[in-house]
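Single-structure report; data block below.
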Amino acid sequence: MQLKDIKRLELPAAADMHVHLRQGELMDLVVPTITQGGVDTVFVMPNLIPPLTTVEQVLEYRSKLLAITKDVHFQMSLFLHPSVTPEVIAKAAEAGITGVTTNSDSGVSNLESFYSTFAAMEKHGMVLNLHGEVLESLAPAGTTLEEAFLPTLKTLHERFPQLRIVLEHCTTAAAVEAVRACGPTVGSTITAHHLYLTSDDACCDPFAFCKPIPKKPTDRDALVKAIVSGDSKFFLGTDSAPHPRHSKTSAAQGKAPAGVFTQPFAVQLVLLALEEAIERGVITEADVTQEKLEGFLSRFGRRFYRLPEESGKKIVLERKGEKIPMSIKSKDGSVEVGISKAGAEVFSLTWKET
């Protein structure tokens, strides 16, 4: 596919299997941008303040999201906590809650105490969503926090072979290979921003600073190659993480809140990253096909989560010279969120009428 020369592209609605939708006014601003980015199905992270650790909290949050839009299918999750017992898992599964996620902030040091919970999740068909990094103090010198976590992924998969596990926001070549080495019940989300950012970007630009921190160019390129391989283990999960723009711009270098906001241009940023990878010679035009785009952006994530592979909705992308704006703002201007890759020219996106 000569992506750079294509003027019009039609794709099935995307499924974004890792989003942060926040609370309050920030939630009100961010949720409508899901469909703007070509997405109609999302897996919602429970990392709120306080985190969602009960079935009742998750269902209440889902009702708030649905009050904002009925055009998005919200897959919900619990936050892994000692109170999430096998009994809670049974109740969550009955209520239609999809997964349980680990904490991204404090890292993971020991998951053995949750083995009974994982066994219940395996029994009830729920998904374990791993923010796969160890505590900094536990990572050997010269090893990334993600790479240090990979033996834990292997152990969990061997212990619970029927438990569906997602290694969230994969960032290293080593993680790609670790996921491939596991059986079909292990998959991985890949963000849009890790397809174009490296550690050099993240250290200097507050709107590129995120966790997990982008890695070396070779790691970035390994993620791109994973996408165009057509391997169904890898699917879109943007980890789009909005923060008030002033909290990013006013912080000292390296102290900005971690998170890259890509939601309004989720699909377009993936396509742009692939264009850039072709220009770098990492992949060829022939590596990018309609089938592979549909797989990564939509079908593979839906399949892993046992959803219908198509929602029936289509998006149309056209080249009209549109550029990513600096930010989105609430109507009264009181809430503003900076967008990743502001100023870049991207496809314009519309929804196809059916």
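Naming scheme: A, B, ... for chains in displayed order of the structure tokens; residues 1 onward per chain; ligands 1 onward as shown.
Proximity to Thr185 of chain A at 7 Å, evaluated using only C-alpha atoms and with sequence-adjacent residues fewer than 4 positions away removed, yields Gln162, Leu163, Arg164 and Ile165 of chain A.
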Q.
Can you tell me, as a list of chain:residue names, which residues in segment 139-172 of chain A count as strand (DSSP E or B) by DSSP?
A. A:Arg164, A:Ile165, A:Val166, A:Leu167
Q: Determine, counting only C-alpha atoms, which protein, DNA and RNA residues have an atom within 12 Å of an atom of Phe207 of chain A; residues of the same chain fewer than 3 positions away are not included. Present the result as a count of residues only.
A: 38
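With distances restricted to only C-alpha atoms, A:Val127 is the closest residue to Val166 of chain A from A:Leu48, A:Leu145, A:Val127, A:Ile213.
Using only C-alpha atoms for every distance, the candidate list A:Val19, A:Ile190, A:Val100, A:Leu3 yields A:Val100 as the residue closest to Val84 of chain A.
Each of A:Phe74, A:Phe114, A:Ser63, A:Phe347 was checked against Ala266 of chain A using only C-alpha atoms; the smallest atom-to-atom distance is that of A:Phe347.
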